[in-house]
file target.tsv (TSV, C-alpha atoms and all ligand atoms)
chain	number	residue	atom	x	y	z
A	957	MET	CA	0.00	0.00	0.00
A	958	GLU	CA	1.22	3.46	-0.89
A	959	ILE	CA	2.14	5.59	2.10
A	960	ILE	CA	0.61	9.10	2.18
A	961	ALA	CA	1.76	10.32	5.58
A	962	LYS	CA	3.80	9.27	8.58
A	963	ALA	CA	4.48	10.34	12.13
A	964	GLU	CA	7.77	9.09	13.57
A	965	HIS	CA	8.37	9.19	17.33
A	966	LEU	CA	6.26	12.33	17.53
A	967	SER	CA	5.97	14.19	20.81
A	968	HIS	CA	4.23	17.48	21.45
A	969	VAL	CA	4.51	19.72	24.47
A	970	TYR	CA	2.21	22.78	24.55
A	971	PRO	CA	3.54	26.09	25.83
A	972	GLY	CA	2.87	25.82	29.56
A	973	GLY	CA	4.28	22.35	29.69
A	974	ILE	CA	1.39	19.93	28.96
A	975	LYS	CA	2.77	16.93	27.14
A	976	ALA	CA	-0.11	16.07	24.81
A	977	LEU	CA	1.71	13.45	22.70
A	978	SER	CA	4.56	11.18	23.59
A	979	ASP	CA	6.45	9.03	21.12
A	980	VAL	CA	3.61	8.49	18.65
A	981	SER	CA	4.39	6.66	15.41
A	982	LEU	CA	1.84	5.88	12.73
A	983	THR	CA	1.48	5.50	8.99
A	984	LEU	CA	-1.45	6.60	6.82
A	985	TYR	CA	-2.02	4.82	3.54
A	986	ARG	CA	-3.65	5.77	0.27
A	987	GLN	CA	-7.27	4.58	0.08
A	988	ASP	CA	-7.37	3.89	3.80
A	989	ILE	CA	-10.03	5.16	6.19
A	990	THR	CA	-8.33	5.43	9.56
A	991	ALA	CA	-10.29	6.35	12.67
A	992	VAL	CA	-8.72	7.77	15.83
A	993	ILE	CA	-10.63	7.09	19.03
A	994	GLY	CA	-9.94	7.83	22.69
A	995	GLN	CA	-11.19	9.79	25.65
A	996	ASN	CA	-11.37	13.59	25.65
A	997	GLY	CA	-7.88	14.96	26.16
A	998	SER	CA	-6.13	11.80	24.92
A	999	GLY	CA	-4.37	13.77	22.18
A	1000	LYS	CA	-6.42	13.04	19.04
A	1001	THR	CA	-6.77	16.63	17.85
A	1002	THR	CA	-3.17	17.46	18.73
A	1003	LEU	CA	-1.98	14.48	16.68
A	1004	SER	CA	-4.10	15.33	13.64
A	1005	LYS	CA	-3.01	18.99	13.56
A	1006	HIS	CA	0.58	17.88	12.95
A	1007	PHE	CA	-0.31	16.53	9.53
A	1008	ASN	CA	-1.17	19.92	8.06
A	1009	GLY	CA	1.46	21.85	9.97
A	1010	LEU	CA	-0.96	23.64	12.33
A	1011	LEU	CA	1.18	22.27	15.14
A	1012	LYS	CA	4.90	21.56	14.97
A	1013	ALA	CA	6.54	18.51	16.47
A	1014	THR	CA	8.40	19.11	19.72
A	1015	GLU	CA	10.28	15.88	19.01
A	1016	GLY	CA	10.13	13.48	16.09
A	1017	ASN	CA	9.07	13.94	12.47
A	1018	VAL	CA	5.89	14.22	10.47
A	1019	LEU	CA	6.03	13.46	6.77
A	1020	VAL	CA	3.36	13.97	4.12
A	1021	LYS	CA	4.21	12.51	0.72
A	1022	ASP	CA	7.82	12.13	1.89
A	1023	GLN	CA	8.14	15.83	2.73
A	1024	ASN	CA	8.85	17.04	6.23
A	1025	VAL	CA	5.81	19.05	7.38
A	1026	SER	CA	7.80	21.21	9.80
A	1027	LYS	CA	9.67	22.73	6.86
A	1028	LYS	CA	6.46	23.82	5.11
A	1029	LYS	CA	3.90	26.57	5.59
A	1030	VAL	CA	0.30	25.67	6.50
A	1031	SER	CA	-0.81	27.27	3.22
A	1032	GLU	CA	1.52	24.98	1.25
A	1033	MET	CA	0.23	21.96	3.16
A	1034	ALA	CA	-3.38	22.80	2.24
A	1035	LYS	CA	-2.81	21.44	-1.26
A	1036	ASP	CA	-2.16	17.97	0.08
A	1037	VAL	CA	-3.95	17.93	3.40
A	1038	GLY	CA	-7.57	19.02	3.89
A	1039	TYR	CA	-8.59	19.64	7.49
A	1040	VAL	CA	-12.11	20.02	8.83
A	1041	PHE	CA	-12.00	21.42	12.35
A	1042	GLN	CA	-13.89	20.08	15.33
A	1043	ASN	CA	-15.41	23.56	15.49
A	1044	PRO	CA	-16.04	24.64	11.87
A	1045	SER	CA	-16.59	28.27	12.87
A	1046	TYR	CA	-12.80	28.60	12.89
A	1047	GLN	CA	-12.55	27.95	9.20
A	1048	LEU	CA	-15.56	29.66	7.64
A	1049	PHE	CA	-14.93	33.25	6.73
A	1050	CYS	CA	-16.70	34.01	3.44
A	1051	SER	CA	-19.95	35.98	3.29
A	1052	ASN	CA	-21.87	33.18	1.57
A	1053	VAL	CA	-21.74	29.43	1.03
A	1054	ARG	CA	-20.96	29.69	-2.70
A	1055	ASP	CA	-17.86	31.82	-2.05
A	1056	GLU	CA	-16.73	29.41	0.64
A	1057	ILE	CA	-16.63	26.57	-1.92
A	1058	LYS	CA	-15.10	28.81	-4.57
A	1059	PHE	CA	-12.32	29.73	-2.20
A	1060	GLY	CA	-11.36	26.07	-1.87
A	1061	LEU	CA	-11.14	25.79	-5.63
A	1062	LYS	CA	-8.43	28.47	-5.90
A	1063	ASN	CA	-5.86	25.78	-5.36
A	1064	LEU	CA	-6.88	24.00	-8.53
A	1065	LYS	CA	-6.19	27.09	-10.64
A	1066	LEU	CA	-9.19	26.54	-12.92
A	1067	ASN	CA	-10.37	29.12	-15.45
A	1068	LYS	CA	-13.52	31.14	-14.70
A	1069	LYS	CA	-15.92	28.86	-16.54
A	1070	ASP	CA	-14.57	25.68	-14.96
A	1071	THR	CA	-14.58	27.34	-11.54
A	1072	VAL	CA	-18.31	28.03	-11.89
A	1073	LEU	CA	-18.97	24.48	-13.11
A	1074	LYS	CA	-16.94	22.89	-10.33
A	1075	THR	CA	-18.47	25.13	-7.65
A	1076	ASN	CA	-21.93	24.10	-8.79
A	1077	GLU	CA	-20.90	20.44	-8.88
A	1078	VAL	CA	-19.51	20.51	-5.34
A	1079	MET	CA	-22.55	22.37	-4.00
A	1080	LYS	CA	-24.80	19.76	-5.60
A	1081	ARG	CA	-22.68	16.91	-4.22
A	1082	PHE	CA	-23.18	18.24	-0.70
A	1083	HIS	CA	-26.83	19.31	-1.21
A	1084	LEU	CA	-25.86	22.92	-0.61
A	1085	THR	CA	-27.31	24.50	-3.75
A	1086	ARG	CA	-30.27	26.02	-1.93
A	1087	TYR	CA	-27.96	27.52	0.69
A	1088	ALA	CA	-25.68	29.16	-1.91
A	1089	LYS	CA	-26.47	32.70	-0.74
A	1090	ASN	CA	-26.69	31.96	2.98
A	1091	GLN	CA	-24.08	33.32	5.28
A	1092	PRO	CA	-22.16	30.25	6.59
A	1093	MET	CA	-21.93	31.57	10.15
A	1094	THR	CA	-25.73	31.74	10.43
A	1095	LEU	CA	-26.16	28.01	9.69
A	1096	GLY	CA	-26.57	25.33	12.37
A	1097	SER	CA	-23.46	23.52	13.60
A	1098	GLY	CA	-24.13	20.36	11.53
A	1099	MET	CA	-24.59	22.41	8.35
A	1100	LYS	CA	-21.49	24.48	9.08
A	1101	LYS	CA	-19.51	21.25	9.16
A	1102	ILE	CA	-20.93	20.25	5.78
A	1103	VAL	CA	-19.96	23.63	4.27
A	1104	ALA	CA	-16.45	23.39	5.75
A	1105	LEU	CA	-16.16	19.85	4.43
A	1106	ALA	CA	-17.38	20.85	0.97
A	1107	GLY	CA	-14.81	23.66	0.84
A	1108	VAL	CA	-12.03	21.25	1.77
A	1109	TYR	CA	-13.32	18.56	-0.63
A	1110	ALA	CA	-13.18	21.14	-3.44
A	1111	MET	CA	-9.41	21.44	-2.90
A	1112	ASN	CA	-9.01	17.78	-3.83
A	1113	PRO	CA	-6.52	16.90	-1.06
A	1114	SER	CA	-4.65	13.57	-0.90
A	1115	LEU	CA	-5.24	13.35	2.85
A	1116	LEU	CA	-8.52	14.45	4.38
A	1117	ILE	CA	-8.66	14.94	8.15
A	1118	LEU	CA	-12.05	15.16	9.84
A	1119	ASP	CA	-12.14	16.08	13.52
A	1120	GLU	CA	-15.42	14.87	15.05
A	1121	PRO	CA	-17.44	15.24	11.84
A	1122	THR	CA	-20.51	13.39	13.15
A	1123	THR	CA	-21.19	15.86	15.97
A	1124	GLY	CA	-24.44	17.67	15.21
A	1125	GLN	CA	-25.38	15.29	12.36
A	1126	ASP	CA	-28.57	13.24	12.33
A	1127	GLN	CA	-28.54	9.62	11.12
A	1128	PRO	CA	-28.97	10.44	7.39
A	1129	GLY	CA	-26.24	13.08	7.79
A	1130	LYS	CA	-23.89	10.51	9.33
A	1131	SER	CA	-24.63	8.00	6.57
A	1132	SER	CA	-23.95	10.48	3.81
A	1133	LEU	CA	-20.72	11.49	5.53
A	1134	GLY	CA	-19.67	7.83	5.72
A	1135	GLU	CA	-20.53	7.31	2.06
A	1136	LEU	CA	-18.49	10.39	1.15
A	1137	MET	CA	-15.49	8.98	3.02
A	1138	ARG	CA	-15.86	5.69	1.13
A	1139	GLU	CA	-16.16	7.50	-2.18
A	1140	MET	CA	-13.04	9.56	-1.50
A	1141	SER	CA	-11.12	6.48	-0.41
A	1142	MET	CA	-12.08	4.76	-3.68
A	1143	GLN	CA	-10.73	7.81	-5.50
A	1144	GLY	CA	-7.37	7.08	-3.88
A	1145	LYS	CA	-7.48	9.53	-0.98
A	1146	SER	CA	-6.51	8.77	2.58
A	1147	ILE	CA	-9.01	9.68	5.31
A	1148	LEU	CA	-8.17	10.29	8.96
A	1149	VAL	CA	-11.32	10.65	11.02
A	1150	ILE	CA	-11.54	11.41	14.73
A	1151	SER	CA	-14.81	10.27	16.23
A	1152	HIS	CA	-16.64	9.53	19.46
A	1153	ASP	CA	-19.33	7.69	17.53
A	1154	MET	CA	-18.31	4.05	17.80
A	1155	ASN	CA	-21.12	2.83	15.55
A	1156	PHE	CA	-19.89	5.19	12.85
A	1157	VAL	CA	-16.29	4.04	13.38
A	1158	SER	CA	-17.18	0.35	13.24
A	1159	GLU	CA	-19.19	0.85	10.07
A	1160	TYR	CA	-16.84	3.00	8.02
A	1161	ALA	CA	-13.25	2.75	9.32
A	1162	LYS	CA	-10.92	0.17	7.86
A	1163	ARG	CA	-8.36	0.74	10.59
A	1164	VAL	CA	-8.73	2.10	14.10
A	1165	ILE	CA	-6.10	3.80	16.26
A	1166	VAL	CA	-6.80	3.92	19.99
A	1167	MET	CA	-5.23	6.73	22.02
A	1168	ALA	CA	-4.88	7.19	25.77
A	1169	ASN	CA	-2.76	9.76	27.62
A	1170	GLY	CA	-1.00	11.02	24.52
A	1171	LYS	CA	0.02	7.56	23.30
A	1172	ILE	CA	-1.26	5.05	20.77
A	1173	ILE	CA	-2.25	1.98	22.75
A	1174	LYS	CA	-3.49	-0.18	19.88
A	1175	THR	CA	-4.01	-0.15	16.12
A	1176	GLY	CA	-6.19	-2.70	14.35
A	1177	THR	CA	-9.34	-3.42	12.39
A	1178	PRO	CA	-12.64	-2.42	14.05
A	1179	ASP	CA	-13.16	-6.12	14.93
A	1180	GLN	CA	-9.74	-6.38	16.56
A	1181	ILE	CA	-10.26	-3.18	18.53
A	1182	PHE	CA	-13.85	-3.59	19.71
A	1183	THR	CA	-13.37	-7.17	20.83
A	1184	ASP	CA	-10.34	-6.21	22.95
A	1185	GLU	CA	-11.96	-5.43	26.30
A	1186	ARG	CA	-8.66	-4.64	27.99
A	1187	ILE	CA	-7.98	-1.87	25.48
A	1188	MET	CA	-11.58	-0.61	25.58
A	1189	ASN	CA	-11.33	-0.31	29.37
A	1190	LYS	CA	-7.95	1.33	29.25
A	1191	ALA	CA	-9.21	3.94	26.80
A	1192	HIS	CA	-12.58	4.29	28.62
A	1193	ILE	CA	-14.48	3.44	25.46
A	1194	GLN	CA	-17.80	1.65	25.17
A	1195	PRO	CA	-17.73	-0.53	22.06
A	1196	PRO	CA	-20.79	-0.57	19.78
A	1197	GLN	CA	-23.59	-2.55	21.40
A	1198	VAL	CA	-23.27	-5.49	19.05
A	1199	TYR	CA	-19.61	-5.95	20.09
A	1200	ALA	CA	-20.52	-5.57	23.77
A	1201	ILE	CA	-22.99	-8.44	23.33
A	1202	ALA	CA	-20.51	-10.59	21.43
A	1203	ASN	CA	-17.82	-9.96	24.07
A	1204	TYR	CA	-20.25	-10.90	26.81
A	1205	LEU	CA	-21.34	-14.09	25.06
A	1206	ARG	CA	-17.74	-15.12	24.39
A	1207	LYS	CA	-16.87	-14.62	28.03
A	1208	ASN	CA	-19.73	-16.97	28.82
A	1209	GLY	CA	-18.42	-19.69	26.56
A	1210	MET	CA	-20.06	-19.07	23.19
A	1211	ILE	CA	-17.78	-19.45	20.21
A	1212	ILE	CA	-18.27	-16.51	17.89
A	1213	GLN	CA	-16.03	-15.65	14.95
A	1214	ASN	CA	-15.28	-11.97	14.36
A	1215	SER	CA	-17.01	-12.25	10.98
A	1216	GLU	CA	-20.18	-13.33	12.81
A	1217	ILE	CA	-20.48	-10.19	14.93
A	1218	ASN	CA	-23.67	-8.63	13.64
A	1219	ALA	CA	-27.08	-8.23	15.29
A	1220	ASP	CA	-28.88	-10.78	13.11
A	1221	HIS	CA	-26.32	-13.50	13.63
A	1222	LEU	CA	-26.04	-12.96	17.38
A	1223	ALA	CA	-29.83	-12.97	17.74
A	1224	GLN	CA	-29.94	-16.24	15.82
A	1225	LEU	CA	-27.17	-17.77	17.94
A	1226	ILE	CA	-28.94	-16.87	21.15
A	1227	SER	CA	-32.33	-18.10	20.05
A	1228	GLU	CA	-30.82	-21.39	18.80
A	1229	ARG	CA	-29.11	-21.99	22.09
A	1230	SER	CA	-32.35	-21.16	23.87
A	1231	VAL	CA	-30.90	-18.76	26.35
A	1232	ALA	CA	-27.66	-20.35	27.37
A	1233	VAL	CA	-26.57	-17.18	29.08
A	1234	ASP	CA	-28.28	-15.77	32.15
A	1235	GLY	CA	-29.71	-12.29	32.04
A	1236	CYS	CA	-28.25	-11.73	28.66
A	1237	TYR	CA	-31.22	-10.45	26.75
A	1238	ASP	CA	-34.74	-9.25	27.23
A	1239	THR	CA	-36.49	-9.57	23.95
A	1240	LEU	CA	-35.88	-10.38	20.37
A	1241	GLN	CA	-37.80	-7.91	18.29
A	1242	THR	CA	-37.74	-8.02	14.53
A	1243	GLY	CA	-34.28	-9.50	14.53
A	1244	LYS	CA	-32.86	-6.75	16.72
A	1245	LEU	CA	-31.42	-7.64	20.04
A	1246	VAL	CA	-32.66	-5.49	22.91
A	1247	PHE	CA	-30.12	-5.69	25.65
A	1248	SER	CA	-30.67	-4.69	29.23
A	1249	GLN	CA	-28.39	-6.25	31.81
A	1250	MET	CA	-24.65	-6.56	31.51
A	1301	LIG	N1	-3.84	24.92	22.93
A	1301	LIG	C1	-3.55	24.15	23.99
A	1301	LIG	N2	-2.74	24.58	24.98
A	1301	LIG	C2	-2.43	23.82	26.04
A	1301	LIG	N3	-2.87	22.55	26.20
A	1301	LIG	C3	-3.67	22.05	25.25
A	1301	LIG	C4	-4.07	22.82	24.10
A	1301	LIG	N4	-4.87	22.05	23.32
A	1301	LIG	C5	-4.97	20.88	23.96
A	1301	LIG	N5	-4.28	20.86	25.10
A	1301	LIG	C6	-4.14	19.74	26.07
A	1301	LIG	O1	-3.52	18.66	25.38
A	1301	LIG	C7	-4.13	17.44	25.74
A	1301	LIG	C8	-4.68	16.75	24.49
A	1301	LIG	O2	-5.74	17.52	23.97
A	1301	LIG	P1	-6.45	17.22	22.58
A	1301	LIG	O3	-5.43	16.91	21.58
A	1301	LIG	O4	-7.38	18.34	22.30
A	1301	LIG	O5	-7.26	15.89	22.94
A	1301	LIG	P2	-8.53	15.22	22.25
A	1301	LIG	O6	-8.67	15.79	20.88
A	1301	LIG	O7	-8.25	13.77	22.28
A	1301	LIG	O8	-9.72	15.57	23.13
A	1301	LIG	C9	-5.18	17.76	26.79
A	1301	LIG	O9	-4.59	17.60	28.06
A	1301	LIG	C10	-5.49	19.21	26.51
A	1301	LIG	O10	-5.93	19.86	27.68
A	1302	MG	MG	-10.31	16.85	20.02
call {"tool": "encode", "arguments": {"input": "target.tsv", "output": "structure tokens"}}
result
Amino acid sequence: MEIIAKAEHLSHVYPGGIKALSDVSLTLYRQDITAVIGQNGSGKTTLSKHFNGLLKATEGNVLVKDQNVSKKKVSEMAKDVGYVFQNPSYQLFCSNVRDEIKFGLKNLKLNKKDTVLKTNEVMKRFHLTRYAKNQPMTLGSGMKKIVALAGVYAMNPSLLILDEPTTGQDQPGKSSLGELMREMSMQGKSILVISHDMNFVSEYAKRVIVMANGKIIKTGTPDQIFTDERIMNKAHIQPPQVYAIANYLRKNGMIIQNSEINADHLAQLISERSVAVDGCYDTLQTGKLVFSQM
């Protein structure tokens, strides 16, 4: 797999002395969707900001496409690395949504006609056409994130970083965000997504990085991560419910392959075994497991 970006023995100490990252190494690949999870304050945002040069390494190196980020300006990095902030208000500054998208397109150096075409295309892609004249700052927080994302998408970056993109999104919003990540990964981009939404992570991430106290404590597939209770506890993370059930059943002697961890299969297993496990479920409704005691 082609490497897009790398952190090597990266540490970061904020002015004032807080050590937010210590000795973090990781590699981001083309076409990968990598999620970063971990408690508040574990260092996720600090880590991600090193990839577009917003923060500089105190120790160690950060490379994007084999170039050392610390030697480049943030504006130069924007061509390769798109960053959508946890709080999008920090990155929206145009007087209307259309201009916000158009601004992103500057990088591509298109002529006037193509700029108009591409702006319209991106606005359509993100269902923003009817908001074209709205002032971005007056939109709700979920919509602001979509506008910020559309502006960054327009720049066509090789690495897209999304810091908590699902906050403020309803279920259809989350799904379309996930589909967008998949689409961009198929186009050869690399996606780094920070999220507290474990269902979202388990559905869309190909690889998951778990952080605690400024360190990476495990990297693996969603199955490998969410079935590792020691790591979940250490990072204070609740796995998606379906993994919590599978972990519980395994502990009580049921043999379940990782590939079998889905609600339908677990419901079937439990009903076939006619309640082998005490207090494990309440009801089976339309194939969905309703779980109460654990
Ligand atoms: N600008 C800052 N100045 C000083 N300390 C900071 C700053 N930003 C974050 N921190 C501290 O660095 C640590 C990691 O924070 P952060 O990267 O924001 O974590 P996360 O994104 O996982 O919630 C926390 O202890 C936080 O308080
Ligand atoms: Mg954060």
call {"tool": "atom_distance", "arguments": {"input": "target.tsv", "atom1": "atom CA of A:Ser1004", "atom2": "atom CA of A:Ser1051"}}
result
28.0 Å
call {"tool": "atom_distance", "arguments": {"input": "target.tsv", "atom1": "atom CA of A:Ile1057", "atom2": "atom CA of A:Thr1001"}}
result
24.2 Å
call {"tool": "closest_atom_pairs", "arguments": {"input": "target.tsv", "of": "chain A", "to": "ligand MG 1302 (chain A)", "cutoff": "12 Å", "atoms": "all atoms listed in the file", "output": "JSON lines"}}
result
{"residue": "A:Ala976", "atom": "CA", "partner": "A:MG1302", "partner_atom": "MG", "distance": 11.3}
{"residue": "A:Val992", "atom": "CA", "partner": "A:MG1302", "partner_atom": "MG", "distance": 10.1}
{"residue": "A:Ile993", "atom": "CA", "partner": "A:MG1302", "partner_atom": "MG", "distance": 9.8}
{"residue": "A:Gly994", "atom": "CA", "partner": "A:MG1302", "partner_atom": "MG", "distance": 9.4}
{"residue": "A:Gln995", "atom": "CA", "partner": "A:MG1302", "partner_atom": "MG", "distance": 9.1}
{"residue": "A:Asn996", "atom": "CA", "partner": "A:MG1302", "partner_atom": "MG", "distance": 6.6}
{"residue": "A:Gly997", "atom": "CA", "partner": "A:MG1302", "partner_atom": "MG", "distance": 6.9}
{"residue": "A:Ser998", "atom": "CA", "partner": "A:MG1302", "partner_atom": "MG", "distance": 8.2}
{"residue": "A:Gly999", "atom": "CA", "partner": "A:MG1302", "partner_atom": "MG", "distance": 7.0}
{"residue": "A:Lys1000", "atom": "CA", "partner": "A:MG1302", "partner_atom": "MG", "distance": 5.5}
{"residue": "A:Thr1001", "atom": "CA", "partner": "A:MG1302", "partner_atom": "MG", "distance": 4.2}
{"residue": "A:Thr1002", "atom": "CA", "partner": "A:MG1302", "partner_atom": "MG", "distance": 7.3}
{"residue": "A:Leu1003", "atom": "CA", "partner": "A:MG1302", "partner_atom": "MG", "distance": 9.3}
{"residue": "A:Ser1004", "atom": "CA", "partner": "A:MG1302", "partner_atom": "MG", "distance": 9.0}
{"residue": "A:Lys1005", "atom": "CA", "partner": "A:MG1302", "partner_atom": "MG", "distance": 10.0}
{"residue": "A:Val1040", "atom": "CA", "partner": "A:MG1302", "partner_atom": "MG", "distance": 11.8}
{"residue": "A:Phe1041", "atom": "CA", "partner": "A:MG1302", "partner_atom": "MG", "distance": 9.1}
{"residue": "A:Gln1042", "atom": "CA", "partner": "A:MG1302", "partner_atom": "MG", "distance": 6.7}
{"residue": "A:Asn1043", "atom": "CA", "partner": "A:MG1302", "partner_atom": "MG", "distance": 9.6}
{"residue": "A:Leu1118", "atom": "CA", "partner": "A:MG1302", "partner_atom": "MG", "distance": 10.5}
{"residue": "A:Asp1119", "atom": "CA", "partner": "A:MG1302", "partner_atom": "MG", "distance": 6.8}
{"residue": "A:Glu1120", "atom": "CA", "partner": "A:MG1302", "partner_atom": "MG", "distance": 7.4}
{"residue": "A:Pro1121", "atom": "CA", "partner": "A:MG1302", "partner_atom": "MG", "distance": 11.0}
{"residue": "A:Thr1123", "atom": "CA", "partner": "A:MG1302", "partner_atom": "MG", "distance": 11.7}
{"residue": "A:Val1149", "atom": "CA", "partner": "A:MG1302", "partner_atom": "MG", "distance": 11.0}
{"residue": "A:Ile1150", "atom": "CA", "partner": "A:MG1302", "partner_atom": "MG", "distance": 7.7}
{"residue": "A:Ser1151", "atom": "CA", "partner": "A:MG1302", "partner_atom": "MG", "distance": 8.8}
{"residue": "A:His1152", "atom": "CA", "partner": "A:MG1302", "partner_atom": "MG", "distance": 9.7}
{"residue": "A:Met1167", "atom": "CA", "partner": "A:MG1302", "partner_atom": "MG", "distance": 11.5}
{"residue": "A:Gly1170", "atom": "CA", "partner": "A:MG1302", "partner_atom": "MG", "distance": 11.9}
call {"tool": "closest_residue", "arguments": {"input": "target.tsv", "among": "A:Met1079, A:Asn1169, A:Ile1102, A:Lys1012", "to": "ligand LIG 1301 (chain A)", "atoms": "all atoms listed in the file"}}
result
A:Asn1169
call {"tool": "residues_around", "arguments": {"input": "target.tsv", "residues": "stretch 1130-1145 of chain A", "least_positions_apart": "5", "cutoff": "12 Å", "atoms": "only C-alpha atoms", "output": "ChimeraX atom specification"}}
result
/A:957-961,984-991,1036-1038,1081-1083,1098-1099,1101-1102,1105-1106,1109-1110,1112-1118,1120-1125,1151,1153,1155-1162
call {"tool": "residues_near_point", "arguments": {"input": "target.tsv", "point": "(-21.4, 29.2, 10.9)", "cutoff": "12 Å", "atoms": "all atoms listed in the file", "output": "ChimeraX atom specification"}}
result
/A:1043-1053,1056,1090-1104
call {"tool": "closest_residue", "arguments": {"input": "target.tsv", "among": "A:Gln1194, A:Asn1214, A:Thr1075, A:Asn1208", "to": "A:Arg1054", "atoms": "all atoms listed in the file"}}
result
A:Thr1075
call {"tool": "atom_distance", "arguments": {"input": "target.tsv", "atom1": "atom CA of A:Asp979", "atom2": "atom C7 of ligand LIG 1301 (chain A)"}}
result
14.3 Å
call {"tool": "residues_near_point", "arguments": {"input": "target.tsv", "point": "(2.5, 12.6, 22.0)", "cutoff": "6 Å", "atoms": "only C-alpha atoms", "output": "PDB file with C-alpha atoms, in the frame of the given file"}}
result
ATOM      1  CA  LEU A 966       6.260  12.330  17.530  1.00  0.00           C
ATOM      2  CA  SER A 967       5.970  14.190  20.810  1.00  0.00           C
ATOM      3  CA  HIS A 968       4.230  17.480  21.450  1.00  0.00           C
ATOM      4  CA  ALA A 976      -0.110  16.070  24.810  1.00  0.00           C
ATOM      5  CA  LEU A 977       1.710  13.450  22.700  1.00  0.00           C
ATOM      6  CA  SER A 978       4.560  11.180  23.590  1.00  0.00           C
ATOM      7  CA  ASP A 979       6.450   9.030  21.120  1.00  0.00           C
ATOM      8  CA  VAL A 980       3.610   8.490  18.650  1.00  0.00           C
ATOM      9  CA  GLY A1170      -1.000  11.020  24.520  1.00  0.00           C
ATOM     10  CA  LYS A1171       0.020   7.560  23.300  1.00  0.00           C
TER      11      LYS A1171
END
call {"tool": "residues_around", "arguments": {"input": "target.tsv", "residues": "A:Tyr1199", "least_positions_apart": "5", "cutoff": "7 Å", "atoms": "only C-alpha atoms", "output": "ChimeraX atom specification"}}
result
/A:1182-1183,1217
call {"tool": "closest_residue", "arguments": {"input": "target.tsv", "among": "A:Ala1202, A:Ile974, A:Ile1226, A:Leu1148", "to": "ligand LIG 1301 (chain A)", "atoms": "all atoms listed in the file"}}
result
A:Ile974
call {"tool": "closest_residue", "arguments": {"input": "target.tsv", "among": "A:Ala1191, A:Ile1201, A:Asn1024, A:Gln1180", "to": "ligand LIG 1301 (chain A)", "atoms": "only C-alpha atoms and all ligand atoms"}}
result
A:Ala1191
call {"tool": "closest_residue", "arguments": {"input": "target.tsv", "among": "A:Leu982, A:Val1025, A:Ile1172, A:Ala1088", "to": "ligand LIG 1301 (chain A)", "atoms": "all atoms listed in the file"}}
result
A:Ile1172
call {"tool": "residues_around", "arguments": {"input": "target.tsv", "residues": "A:Val1072", "least_positions_apart": "4", "cutoff": "12 Å", "atoms": "only C-alpha atoms", "output": "MDAnalysis selection string"}}
result
chainID A and resid 1054:1055 1057:1059 1061:1062 1066:1068 1076:1079
call {"tool": "closest_residue", "arguments": {"input": "target.tsv", "among": "A:Met1154, A:Leu1222, A:Ile1187, A:Val1166", "to": "ligand LIG 1301 (chain A)", "atoms": "only C-alpha atoms and all ligand atoms"}}
result
A:Val1166
